[in-house]
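A.B. asks: Sharing input11.csv below, CSV, C-alpha atoms:
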```csv
chain,number,residue,atom,x,y,z
L,1,MET,CA,0.0,0.0,0.0
L,2,GLY,CA,2.9,2.3,0.8
L,3,HIS,CA,4.1,1.8,-2.8
L,4,TYR,CA,0.8,3.0,-4.3
L,5,ARG,CA,0.7,6.0,-1.9
L,6,GLU,CA,4.2,7.0,-3.0
L,7,LYS,CA,3.1,6.8,-6.7
L,8,LEU,CA,0.2,9.0,-5.9
L,9,GLU,CA,2.4,11.6,-4.1
L,10,ASN,CA,4.8,11.5,-7.1
L,11,GLN,CA,1.9,12.6,-9.4
L,12,GLN,CA,0.6,15.3,-7.0
L,13,ILE,CA,1.7,18.2,-9.2
L,14,TRP,CA,-0.4,17.1,-12.1
L,15,ILE,CA,-3.3,16.2,-9.8
L,16,TYR,CA,-3.3,19.8,-8.4
L,17,VAL,CA,-3.0,21.4,-11.8
L,18,ILE,CA,-6.0,19.4,-13.0
L,19,SER,CA,-7.8,20.3,-9.8
L,20,LEU,CA,-7.3,24.0,-10.5
L,21,ILE,CA,-8.6,23.6,-14.0
L,22,VAL,CA,-11.7,21.5,-12.9
L,23,GLY,CA,-12.5,24.1,-10.2
L,24,ALA,CA,-12.3,26.9,-12.8
L,25,LEU,CA,-14.5,25.1,-15.3
L,26,ILE,CA,-17.1,24.4,-12.6
L,27,GLY,CA,-17.2,28.0,-11.3
L,28,LEU,CA,-17.2,29.7,-14.7
L,29,SER,CA,-19.8,27.4,-16.2
L,30,SER,CA,-22.3,28.0,-13.4
L,31,GLU,CA,-21.7,30.6,-10.7
L,32,ARG,CA,-24.7,29.4,-8.7
L,33,PHE,CA,-23.5,25.8,-8.6
L,34,GLY,CA,-19.9,26.8,-7.9
L,35,ALA,CA,-21.1,28.9,-4.9
L,36,TYR,CA,-22.2,25.7,-3.2
L,37,PHE,CA,-18.6,24.6,-3.0
L,38,ALA,CA,-17.8,27.4,-0.6
L,39,PHE,CA,-19.6,25.4,2.2
L,40,ALA,CA,-17.1,22.6,1.7
L,41,ILE,CA,-13.9,24.6,2.0
L,42,SER,CA,-13.5,24.6,5.7
L,43,PRO,CA,-14.4,21.0,6.3
L,44,LEU,CA,-12.1,19.9,3.5
L,45,ILE,CA,-9.2,21.9,5.0
L,46,ALA,CA,-9.9,20.4,8.4
L,47,ILE,CA,-9.8,16.8,7.0
L,48,LEU,CA,-6.6,17.7,5.0
L,49,MET,CA,-5.0,19.0,8.2
L,50,TYR,CA,-6.0,15.9,10.2
L,51,GLY,CA,-4.4,13.7,7.5
L,52,MET,CA,-1.3,15.8,7.7
L,53,PHE,CA,-1.1,16.0,11.5
L,54,SER,CA,-1.7,12.3,11.9
L,55,GLN,CA,1.6,11.6,10.1
L,56,ILE,CA,3.7,13.8,12.3
L,57,PRO,CA,5.2,12.2,15.4
L,58,PHE,CA,4.0,14.6,18.1
L,59,LEU,CA,6.4,13.2,20.7
L,60,LYS,CA,9.2,14.9,18.9
L,61,LEU,CA,7.4,18.3,18.8
L,62,LYS,CA,9.0,19.3,22.1
L,63,LYS,CA,12.4,19.1,20.3
L,64,ALA,CA,11.1,21.1,17.4
L,65,LEU,CA,9.8,23.8,19.6
L,66,SER,CA,13.1,23.9,21.5
L,67,ASN,CA,14.7,25.2,18.3
L,68,ARG,CA,14.6,28.8,19.5
L,69,LYS,CA,16.8,30.1,16.7
L,70,PHE,CA,14.3,29.0,14.1
L,71,ILE,CA,11.4,30.5,16.1
L,72,VAL,CA,13.2,33.9,16.3
L,73,VAL,CA,14.0,33.9,12.6
L,74,LEU,CA,10.5,32.8,11.7
L,75,LEU,CA,9.0,35.7,13.7
L,76,LEU,CA,11.6,38.1,12.2
L,77,GLY,CA,10.9,37.0,8.7
L,78,ASN,CA,7.1,37.0,9.0
L,79,PHE,CA,6.5,40.1,11.1
L,80,VAL,CA,9.4,42.4,10.3
L,81,VAL,CA,10.8,41.5,6.9
L,82,VAL,CA,7.6,40.5,5.1
L,83,PRO,CA,5.8,43.7,6.2
L,84,VAL,CA,8.7,45.7,4.7
L,85,ILE,CA,8.3,43.7,1.4
L,86,VAL,CA,4.5,44.4,1.4
L,87,TRP,CA,5.0,48.1,2.1
L,88,LEU,CA,7.5,48.4,-0.8
L,89,LEU,CA,5.1,46.5,-3.1
L,90,ILE,CA,2.0,48.7,-2.3
L,91,MET,CA,4.2,51.8,-2.7
L,92,LEU,CA,5.2,50.5,-6.1
L,93,PHE,CA,1.6,49.6,-7.0
L,94,PRO,CA,-0.7,52.1,-5.2
L,95,GLN,CA,-4.3,50.9,-4.7
L,96,PRO,CA,-7.7,52.4,-3.5
L,97,THR,CA,-8.4,51.8,0.1
L,98,PRO,CA,-10.8,48.8,-0.1
L,99,ILE,CA,-8.4,47.0,-2.5
L,100,LEU,CA,-5.5,47.9,-0.3
L,101,LEU,CA,-7.3,46.4,2.7
L,102,GLY,CA,-7.7,43.1,1.0
L,103,VAL,CA,-4.1,43.0,-0.1
L,104,CYS,CA,-2.9,43.9,3.5
L,105,LEU,CA,-5.2,41.4,5.1
L,106,VAL,CA,-3.8,38.5,3.1
L,107,LEU,CA,-0.2,39.4,2.7
L,108,LEU,CA,0.5,40.5,6.4
L,109,THR,CA,-0.8,37.2,7.9
L,110,PRO,CA,1.4,34.1,7.6
L,111,CYS,CA,-0.4,30.9,6.8
L,112,ILE,CA,-1.2,28.6,9.7
L,113,ASP,CA,-2.8,25.6,7.9
L,114,TYR,CA,-1.9,24.3,4.5
L,115,VAL,CA,1.6,25.7,4.7
L,116,ILE,CA,2.4,22.6,6.8
L,117,VAL,CA,1.4,20.4,3.8
L,118,PHE,CA,3.4,22.4,1.3
L,119,THR,CA,6.4,22.5,3.6
L,120,GLN,CA,6.4,18.7,3.7
L,121,LEU,CA,5.9,18.5,0.0
L,122,GLY,CA,8.8,20.9,-0.5
L,123,LYS,CA,11.1,18.7,1.7
L,124,GLY,CA,11.1,21.2,4.5
L,125,ASN,CA,10.7,20.5,8.3
L,126,GLU,CA,7.0,20.6,8.7
L,127,LYS,CA,7.3,19.8,12.4
L,128,LEU,CA,9.0,23.1,13.0
L,129,ILE,CA,6.1,24.9,11.3
L,130,LEU,CA,3.5,22.9,13.2
L,131,ALA,CA,5.2,23.7,16.5
L,132,ALA,CA,5.3,27.4,15.7
L,133,THR,CA,1.6,27.5,14.5
L,134,PRO,CA,0.2,28.8,17.9
L,135,ILE,CA,2.9,31.4,18.1
L,136,LEU,CA,2.3,32.6,14.5
L,137,PHE,CA,-1.5,32.7,15.2
L,138,VAL,CA,-1.2,34.8,18.4
L,139,VAL,CA,1.4,37.3,17.0
L,140,GLN,CA,-0.5,37.9,13.7
L,141,LEU,CA,-3.7,38.4,15.7
L,142,LEU,CA,-2.0,41.1,17.9
L,143,LEU,CA,0.0,42.8,15.1
L,144,LEU,CA,-2.6,42.8,12.2
L,145,PRO,CA,-4.6,45.9,13.6
L,146,PHE,CA,-1.3,47.7,14.1
L,147,TYR,CA,-0.1,47.0,10.5
L,148,LEU,CA,-3.5,48.0,9.1
L,149,TRP,CA,-3.3,51.3,10.9
L,150,LEU,CA,0.3,51.8,9.8
L,151,PHE,CA,-0.3,51.0,6.1
L,152,ILE,CA,-3.9,52.3,5.6
L,153,GLY,CA,-4.9,54.6,8.4
L,154,GLU,CA,-6.6,55.0,11.8
L,155,GLU,CA,-10.0,54.0,10.5
L,156,MET,CA,-8.7,50.4,10.2
L,157,VAL,CA,-8.2,50.0,13.9
L,158,GLY,CA,-10.8,47.6,15.2
L,159,ILE,CA,-12.2,46.8,11.8
L,160,VAL,CA,-10.9,43.3,12.0
L,161,GLN,CA,-13.2,41.1,14.1
L,162,ILE,CA,-11.5,38.5,16.2
L,163,GLN,CA,-14.4,36.0,16.2
L,164,PRO,CA,-14.1,34.7,12.6
L,165,PHE,CA,-10.3,34.5,12.9
L,166,LEU,CA,-10.5,32.5,16.2
L,167,GLY,CA,-13.2,30.3,14.8
L,168,ALA,CA,-11.2,29.4,11.8
L,169,PHE,CA,-8.2,28.6,13.9
L,170,VAL,CA,-10.2,26.2,16.1
L,171,LEU,CA,-11.8,24.5,13.2
L,172,LEU,CA,-8.8,24.3,10.9
L,173,ILE,CA,-6.0,23.7,13.4
L,174,ALA,CA,-7.1,22.8,16.9
L,175,VAL,CA,-9.7,20.2,16.2
L,176,PRO,CA,-7.7,18.3,13.6
L,177,PHE,CA,-4.7,18.5,15.8
L,178,MET,CA,-6.5,17.0,18.8
L,179,LEU,CA,-8.1,14.3,16.6
L,180,ALA,CA,-4.7,13.4,15.2
L,181,VAL,CA,-3.1,13.1,18.6
L,182,ALA,CA,-6.0,10.9,19.7
L,183,THR,CA,-5.6,8.7,16.7
L,184,GLN,CA,-1.9,8.2,17.4
L,185,LEU,CA,-2.6,7.3,21.0
L,186,TRP,CA,-5.3,4.9,19.8
L,187,ALA,CA,-2.9,3.4,17.2
L,188,LYS,CA,-0.3,2.6,20.0
L,189,ASN,CA,-2.8,0.4,21.8
L,190,GLN,CA,-5.1,-1.1,19.2
L,191,SER,CA,-4.6,-2.7,15.8
L,192,PHE,CA,-7.7,-1.0,14.4
L,193,GLY,CA,-6.4,2.4,15.5
L,194,ALA,CA,-3.2,1.6,13.7
L,195,ARG,CA,-5.2,0.8,10.5
L,196,VAL,CA,-7.1,4.2,10.9
L,197,LEU,CA,-3.7,6.0,11.3
L,198,ALA,CA,-2.4,4.2,8.2
L,199,SER,CA,-5.5,5.2,6.2
L,200,ALA,CA,-5.1,8.8,7.2
L,201,ALA,CA,-1.7,8.8,5.4
L,202,TRP,CA,-3.7,8.8,2.2
L,203,PHE,CA,-5.6,12.0,3.0
L,204,PRO,CA,-3.2,14.8,2.1
L,205,VAL,CA,-3.0,14.5,-1.7
L,206,PRO,CA,-6.6,13.9,-2.5
L,207,PHE,CA,-8.0,16.3,0.0
L,208,MET,CA,-5.6,19.0,-1.1
L,209,ALA,CA,-7.0,18.5,-4.6
L,210,PHE,CA,-10.6,18.7,-3.2
L,211,VAL,CA,-9.6,22.0,-1.4
L,212,LEU,CA,-8.3,23.5,-4.6
L,213,ILE,CA,-11.4,22.5,-6.5
L,214,ALA,CA,-13.7,23.9,-3.9
L,215,VAL,CA,-11.9,27.3,-3.5
L,216,VAL,CA,-11.6,27.9,-7.2
L,217,ALA,CA,-15.1,26.7,-8.1
L,218,SER,CA,-16.7,28.9,-5.4
L,219,GLN,CA,-14.7,32.1,-6.1
L,220,ILE,CA,-13.5,32.1,-9.7
L,221,ALA,CA,-16.7,33.8,-10.9
L,222,LYS,CA,-16.2,36.7,-8.6
L,223,VAL,CA,-12.6,37.0,-9.7
L,224,TYR,CA,-13.7,37.0,-13.3
L,225,ARG,CA,-16.4,39.5,-12.8
L,226,ASP,CA,-14.1,42.0,-11.0
L,227,PHE,CA,-11.1,41.2,-13.2
L,228,GLY,CA,-10.5,44.8,-14.3
L,229,ILE,CA,-10.0,45.8,-10.7
L,230,ILE,CA,-8.2,42.6,-9.7
L,231,LEU,CA,-5.7,42.8,-12.6
L,232,ASP,CA,-3.9,45.7,-10.8
L,233,VAL,CA,-3.0,43.5,-7.7
L,234,ILE,CA,-1.8,40.4,-9.6
L,235,PRO,CA,1.7,41.9,-10.1
L,236,ILE,CA,1.9,42.5,-6.3
L,237,TYR,CA,1.2,38.9,-5.6
L,238,ILE,CA,3.5,37.5,-8.3
L,239,LEU,CA,6.4,39.8,-7.1
L,240,PHE,CA,5.7,38.8,-3.5
L,241,LEU,CA,6.1,35.1,-4.5
L,242,ILE,CA,9.4,35.9,-6.3
L,243,VAL,CA,11.0,38.3,-3.8
L,244,THR,CA,10.2,36.5,-0.6
L,245,PRO,CA,12.2,33.3,-1.1
L,246,ILE,CA,15.2,35.4,-2.2
L,247,VAL,CA,15.0,37.4,1.0
L,248,ALA,CA,14.4,34.3,3.1
L,249,ARG,CA,17.5,32.8,1.6
L,250,GLY,CA,19.4,35.7,2.9
L,251,LEU,CA,18.0,35.2,6.4
L,252,ILE,CA,18.9,31.5,6.2
L,253,PHE,CA,22.5,32.4,5.3
L,254,VAL,CA,22.8,35.0,8.1
L,255,PHE,CA,21.4,32.8,10.8
L,256,LYS,CA,23.0,29.5,9.5
L,257,LEU,CA,19.7,27.6,9.6
L,258,GLU,CA,19.8,23.9,8.8
L,259,VAL,CA,18.6,23.0,5.3
L,260,ARG,CA,15.1,21.6,6.1
L,261,ALA,CA,14.5,24.4,8.7
L,262,GLY,CA,15.5,26.9,6.0
L,263,ARG,CA,13.0,25.5,3.6
L,264,ALA,CA,10.3,25.7,6.3
L,265,LEU,CA,11.2,29.4,6.7
L,266,ILE,CA,10.9,30.0,2.9
L,267,PHE,CA,7.4,28.3,2.8
L,268,SER,CA,6.2,30.2,5.8
L,269,MET,CA,7.3,33.6,4.6
L,270,GLY,CA,6.0,32.9,1.1
L,271,THR,CA,2.6,31.3,2.1
L,272,ARG,CA,-0.1,33.6,3.3
L,273,ASN,CA,-3.3,33.2,5.3
L,274,SER,CA,-5.7,33.5,2.4
L,275,LEU,CA,-8.2,30.8,3.4
L,276,VAL,CA,-8.3,31.8,7.0
L,277,VAL,CA,-8.6,35.6,6.6
L,278,LEU,CA,-11.4,35.2,4.0
L,279,PRO,CA,-14.0,35.2,6.8
L,280,LEU,CA,-12.5,38.5,8.0
L,281,ALA,CA,-13.3,40.0,4.6
L,282,PHE,CA,-16.9,38.8,4.7
L,283,ALA,CA,-17.2,40.5,8.2
L,284,LEU,CA,-16.3,43.9,6.7
L,285,PRO,CA,-19.0,46.5,5.8
L,286,ASP,CA,-20.9,45.4,2.7
L,287,ALA,CA,-19.4,48.0,0.4
L,288,TRP,CA,-15.9,46.7,1.2
L,289,ALA,CA,-16.6,43.0,1.7
L,290,THR,CA,-17.1,41.9,-1.9
L,291,ILE,CA,-14.0,43.7,-3.2
L,292,ALA,CA,-11.8,42.6,-0.3
L,293,ALA,CA,-12.9,39.0,-0.6
L,294,ALA,CA,-12.2,39.0,-4.4
L,295,ILE,CA,-8.8,40.4,-3.8
L,296,ILE,CA,-8.0,37.7,-1.2
L,297,VAL,CA,-9.3,34.9,-3.4
L,298,THR,CA,-7.2,36.2,-6.3
L,299,GLN,CA,-4.2,35.9,-4.0
L,300,THR,CA,-5.3,32.3,-3.2
L,301,ILE,CA,-5.3,31.3,-6.8
L,302,VAL,CA,-2.0,33.0,-7.6
L,303,GLU,CA,-0.4,31.5,-4.5
L,304,LEU,CA,-1.6,28.0,-5.2
L,305,VAL,CA,0.0,28.1,-8.6
L,306,GLY,CA,3.1,29.5,-7.0
L,307,GLU,CA,3.2,26.8,-4.3
L,308,LEU,CA,3.2,24.2,-7.1
L,309,VAL,CA,6.3,25.9,-8.4
L,310,TYR,CA,7.8,26.3,-4.9
L,311,ILE,CA,7.6,22.6,-4.0
L,312,LYS,CA,9.8,21.9,-7.0
L,313,ILE,CA,12.3,24.7,-7.1
L,314,VAL,CA,12.8,25.2,-3.3
L,315,PRO,CA,14.6,21.9,-2.7
L,316,LYS,CA,16.2,21.7,-6.1
L,317,TRP,CA,17.3,25.3,-6.8
L,318,ILE,CA,16.7,27.8,-3.9
L,319,LEU,CA,18.0,25.6,-1.0
L,320,ARG,CA,19.6,22.4,-2.1
L,321,ASN,CA,20.8,19.9,0.5
L,322,LYS,CA,24.5,20.2,0.2
L,323,GLY,CA,25.3,19.7,3.9
L,324,GLU,CA,23.8,20.3,7.3
L,325,PHE,CA,24.3,24.1,7.2
L,326,VAL,CA,24.0,26.6,4.3
```
What do you get writing this file as structure tokens?
C.D. replies:
Amino acid sequence: MGHYREKLENQQIWIYVISLIVGALIGLSSERFGAYFAFAISPLIAILMYGMFSQIPFLKLKKALSNRKFIVVLLLGNFVVVPVIVWLLIMLFPQPTPILLGVCLVLLTPCIDYVIVFTQLGKGNEKLILAATPILFVVQLLLLPFYLWLFIGEEMVGIVQIQPFLGAFVLLIAVPFMLAVATQLWAKNQSFGARVLASAAWFPVPFMAFVLIAVVASQIAKVYRDFGIILDVIPIYILFLIVTPIVARGLIFVFKLEVRAGRALIFSMGTRNSLVVLPLAFALPDAWATIAAAIIVTQTIVELVGELVYIKIVPKWILRNKGEFV
């Protein structure tokens, strides 16, 4: 069975590309039908994260969390370096306030869910990212209002509601995490639990494909309808994906991070919180909600394509495994 799972994982790039195409065809052929897929996004991500978490040996997480240097560099990269990159990009491509809000919401918040999956696929240390997830969540929650005030203005203070953000964290991270730990404990004591744990190893690739289909199918019509507005932000997202790994590579060199930890840093800095901050956009006033949501979804689509490139070029070109330290 492991052989067949390995073959599936080796074909994952094409599976994800096909998923993007299928999602686009569904959403563009019938906006009403595609909208129903929005209800499936969060449950699918939760199952995806359960499958991912269930394969991580949590008994070793204490060691991962003890890597204080990585935690410091991760916080520095995501909450000092990335905001500088975002500020430079929005200076280079000025936007109206509602569009700017969507851009800042998504680019100033590091991903806390499927970045773990992509880090593993890109041969990074996903345990380090998992261990740092609560820290990333709390820090971005505290700093996001400050950055919105700094980049947009005083009217942004308090506009972000905590409830949707906290709810997304519980559903997408906490619940799958606890279920995965329970499954691992079950697998230690019972053969049936071991079979369940082995079955969960099959989840990441197909459920990542389902997530891509659901996100694109439910949102592509909005992106298409507002494409004239959205076209102006696409260069920001593409440049972000290009510049961030280069800057992260510099941090890796300066702080002498181990190769797999360095790859984890690259994925964390380059992967944004698009699916989790989407509920925040819907919580905005009606006049802003539609535009901000479309801007965030555009970033999702651009980022997903970029991640497919990342998982190939990060281990092969950006940070090759030539030794323990780079």
A.B. asks: Identify which of the residues L:Val277, L:Leu185, L:Ile135, L:Leu265 lies closest to Ala289 (chain L), counting all atoms listed in the file when measuring atom-to-atom distances.
C.D. replies: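 Checking each of L:Val277, L:Leu185, L:Ile135, L:Leu265 against Ala289 (chain L), counting all atoms listed in the file, the winner is L:Val277.
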A.B. asks: When you draw a straight line from CA of Glu9 (chain L) to CA of Phe210 (chain L), how long is it in Å?
C.D. replies: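 Separating CA of Glu9 (chain L) from CA of Phe210 (chain L) is a distance of 14.8 Å.
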A.B. asks: Determine, using all atoms listed in the file, which residues of region 7-50 of chain L have any atom at most 9 Å from an atom of region 112-126 of chain L, and tabulate each with its shortest atom pair and distance in Å to one decimal place, rows ordered by chain and then rising number, as JSON lines.
C.D. replies:
```
{"residue": "L:Glu9", "atom": "CA", "partner": "L:Leu121", "partner_atom": "CA", "distance": 8.8}
{"residue": "L:Ile45", "atom": "CA", "partner": "L:Tyr114", "partner_atom": "CA", "distance": 7.7}
{"residue": "L:Ala46", "atom": "CA", "partner": "L:Asp113", "partner_atom": "CA", "distance": 8.8}
{"residue": "L:Leu48", "atom": "CA", "partner": "L:Tyr114", "partner_atom": "CA", "distance": 8.1}
{"residue": "L:Met49", "atom": "CA", "partner": "L:Asp113", "partner_atom": "CA", "distance": 7.0}
```
A.B. asks: Selected residues, C-alpha atoms, written as a compact mmCIF listing (two decimals), keeping the file's coordinate frame, please.
C.D. replies:
```
# COMPACT_ATOMS: atom_id res chain seq x y z
CA GLU L 9 2.40 11.60 -4.10
CA ILE L 45 -9.20 21.90 5.00
CA ALA L 46 -9.90 20.40 8.40
CA LEU L 48 -6.60 17.70 5.00
CA MET L 49 -5.00 19.00 8.20
```
A.B. asks: Compare L:Asn67, L:Gln163, L:Gln11, L:Thr300 by their minimum atom-to-atom distance to Ala131 (chain L), counting all atoms listed in the file, and give me the closest one.
C.D. replies: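 Nearest to Ala131 (chain L): L:Asn67.
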A.B. asks: Mind checking which residues fall within 12 Å of Asp226 (chain L), counting only C-alpha atoms, ignoring those fewer than 3 positions away in the same chain, and posting them as a count of residues only?
C.D. replies: 19
A.B. asks: Name the residues, using the chain letters and numbers of the file, that sit within 10 Å of (-4.9, 15.1, 16.7) when counting all atoms listed in the file, and give them as a ChimeraX atom specification.
C.D. replies: /L:49-56,58,173-185
A.B. asks: Grab the residues selected above and save them as a compact mmCIF listing (two decimals), in the frame of the given file with C-alpha atoms.
C.D. replies:
```txt
# COMPACT_ATOMS: atom_id res chain seq x y z
CA MET L 49 -5.00 19.00 8.20
CA TYR L 50 -6.00 15.90 10.20
CA GLY L 51 -4.40 13.70 7.50
CA MET L 52 -1.30 15.80 7.70
CA PHE L 53 -1.10 16.00 11.50
CA SER L 54 -1.70 12.30 11.90
CA GLN L 55 1.60 11.60 10.10
CA ILE L 56 3.70 13.80 12.30
CA PHE L 58 4.00 14.60 18.10
CA ILE L 173 -6.00 23.70 13.40
CA ALA L 174 -7.10 22.80 16.90
CA VAL L 175 -9.70 20.20 16.20
CA PRO L 176 -7.70 18.30 13.60
CA PHE L 177 -4.70 18.50 15.80
CA MET L 178 -6.50 17.00 18.80
CA LEU L 179 -8.10 14.30 16.60
CA ALA L 180 -4.70 13.40 15.20
CA VAL L 181 -3.10 13.10 18.60
CA ALA L 182 -6.00 10.90 19.70
CA THR L 183 -5.60 8.70 16.70
CA GLN L 184 -1.90 8.20 17.40
CA LEU L 185 -2.60 7.30 21.00
```
A.B. asks: Take region 305-324 of chain L, model N, CA, C and O atoms, and hand the result over as a JSON list (two decimals), in the coordinates of the input.
C.D. replies:
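Final output, saved to selection00.json:
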```json
[["chain", "number", "residue", "atom", "x", "y", "z"],
["L", 305, "VAL", "N", -0.86, 28.37, -7.43],
["L", 305, "VAL", "CA", 0.00, 28.10, -8.60],
["L", 305, "VAL", "C", 1.46, 28.27, -8.19],
["L", 305, "VAL", "O", 2.32, 27.45, -8.53],
["L", 306, "GLY", "N", 1.74, 29.32, -7.42],
["L", 306, "GLY", "CA", 3.10, 29.50, -7.00],
["L", 306, "GLY", "C", 3.62, 28.43, -6.07],
["L", 306, "GLY", "O", 4.80, 28.05, -6.15],
["L", 307, "GLU", "N", 2.75, 27.87, -5.22],
["L", 307, "GLU", "CA", 3.20, 26.80, -4.30],
["L", 307, "GLU", "C", 3.56, 25.54, -5.14],
["L", 307, "GLU", "O", 4.48, 24.80, -4.76],
["L", 308, "LEU", "N", 2.86, 25.31, -6.23],
["L", 308, "LEU", "CA", 3.20, 24.20, -7.10],
["L", 308, "LEU", "C", 4.61, 24.33, -7.66],
["L", 308, "LEU", "O", 5.33, 23.36, -7.87],
["L", 309, "VAL", "N", 4.98, 25.59, -7.91],
["L", 309, "VAL", "CA", 6.30, 25.90, -8.40],
["L", 309, "VAL", "C", 7.32, 25.75, -7.19],
["L", 309, "VAL", "O", 8.39, 25.16, -7.32],
["L", 310, "TYR", "N", 6.94, 26.29, -6.05],
["L", 310, "TYR", "CA", 7.80, 26.30, -4.90],
["L", 310, "TYR", "C", 8.23, 24.85, -4.50],
["L", 310, "TYR", "O", 9.40, 24.62, -4.18],
["L", 311, "ILE", "N", 7.26, 23.91, -4.48],
["L", 311, "ILE", "CA", 7.60, 22.60, -4.00],
["L", 311, "ILE", "C", 8.60, 21.86, -4.91],
["L", 311, "ILE", "O", 9.22, 20.87, -4.51],
["L", 312, "LYS", "N", 8.78, 22.39, -6.10],
["L", 312, "LYS", "CA", 9.80, 21.90, -7.00],
["L", 312, "LYS", "C", 11.11, 22.62, -6.91],
["L", 312, "LYS", "O", 12.18, 22.02, -6.82],
["L", 313, "ILE", "N", 11.04, 23.96, -6.94],
["L", 313, "ILE", "CA", 12.30, 24.70, -7.10],
["L", 313, "ILE", "C", 12.95, 24.99, -5.71],
["L", 313, "ILE", "O", 14.16, 25.20, -5.66],
["L", 314, "VAL", "N", 12.18, 24.98, -4.59],
["L", 314, "VAL", "CA", 12.80, 25.20, -3.30],
["L", 314, "VAL", "C", 13.86, 24.18, -2.97],
["L", 314, "VAL", "O", 15.02, 24.51, -2.68],
["L", 315, "PRO", "N", 13.52, 22.87, -3.01],
["L", 315, "PRO", "CA", 14.60, 21.90, -2.70],
["L", 315, "PRO", "C", 15.59, 21.66, -3.78],
["L", 315, "PRO", "O", 16.70, 21.20, -3.49],
["L", 316, "LYS", "N", 15.25, 21.99, -5.03],
["L", 316, "LYS", "CA", 16.20, 21.70, -6.10],
["L", 316, "LYS", "C", 17.06, 22.89, -6.50],
["L", 316, "LYS", "O", 18.18, 22.70, -6.98],
["L", 317, "TRP", "N", 16.57, 24.12, -6.29],
["L", 317, "TRP", "CA", 17.30, 25.30, -6.80],
["L", 317, "TRP", "C", 17.58, 26.32, -5.67],
["L", 317, "TRP", "O", 18.70, 26.80, -5.54],
["L", 318, "ILE", "N", 16.56, 26.67, -4.90],
["L", 318, "ILE", "CA", 16.70, 27.80, -3.90],
["L", 318, "ILE", "C", 17.54, 27.31, -2.73],
["L", 318, "ILE", "O", 18.42, 28.03, -2.25],
["L", 319, "LEU", "N", 17.27, 26.10, -2.22],
["L", 319, "LEU", "CA", 18.00, 25.60, -1.00],
["L", 319, "LEU", "C", 18.24, 24.13, -1.20],
["L", 319, "LEU", "O", 17.49, 23.30, -0.70],
["L", 320, "ARG", "N", 19.30, 23.81, -1.89],
["L", 320, "ARG", "CA", 19.60, 22.40, -2.10],
["L", 320, "ARG", "C", 20.34, 21.83, -0.90],
["L", 320, "ARG", "O", 20.98, 22.54, -0.12],
["L", 321, "ASN", "N", 20.22, 20.54, -0.72],
["L", 321, "ASN", "CA", 20.80, 19.90, 0.50],
["L", 321, "ASN", "C", 22.24, 19.49, 0.21],
["L", 321, "ASN", "O", 22.57, 18.37, -0.12],
["L", 322, "LYS", "N", 23.12, 20.46, 0.44],
["L", 322, "LYS", "CA", 24.50, 20.20, 0.20],
["L", 322, "LYS", "C", 25.30, 19.96, 1.51],
["L", 322, "LYS", "O", 26.50, 19.81, 1.52],
["L", 323, "GLY", "N", 24.61, 19.97, 2.61],
["L", 323, "GLY", "CA", 25.30, 19.70, 3.90],
["L", 323, "GLY", "C", 24.31, 20.15, 4.98],
["L", 323, "GLY", "O", 23.20, 20.59, 4.74],
["L", 324, "GLU", "N", 24.74, 20.04, 6.20],
["L", 324, "GLU", "CA", 23.80, 20.30, 7.30],
["L", 324, "GLU", "C", 23.52, 21.82, 7.37],
["L", 324, "GLU", "O", 22.41, 22.21, 7.68]]
```
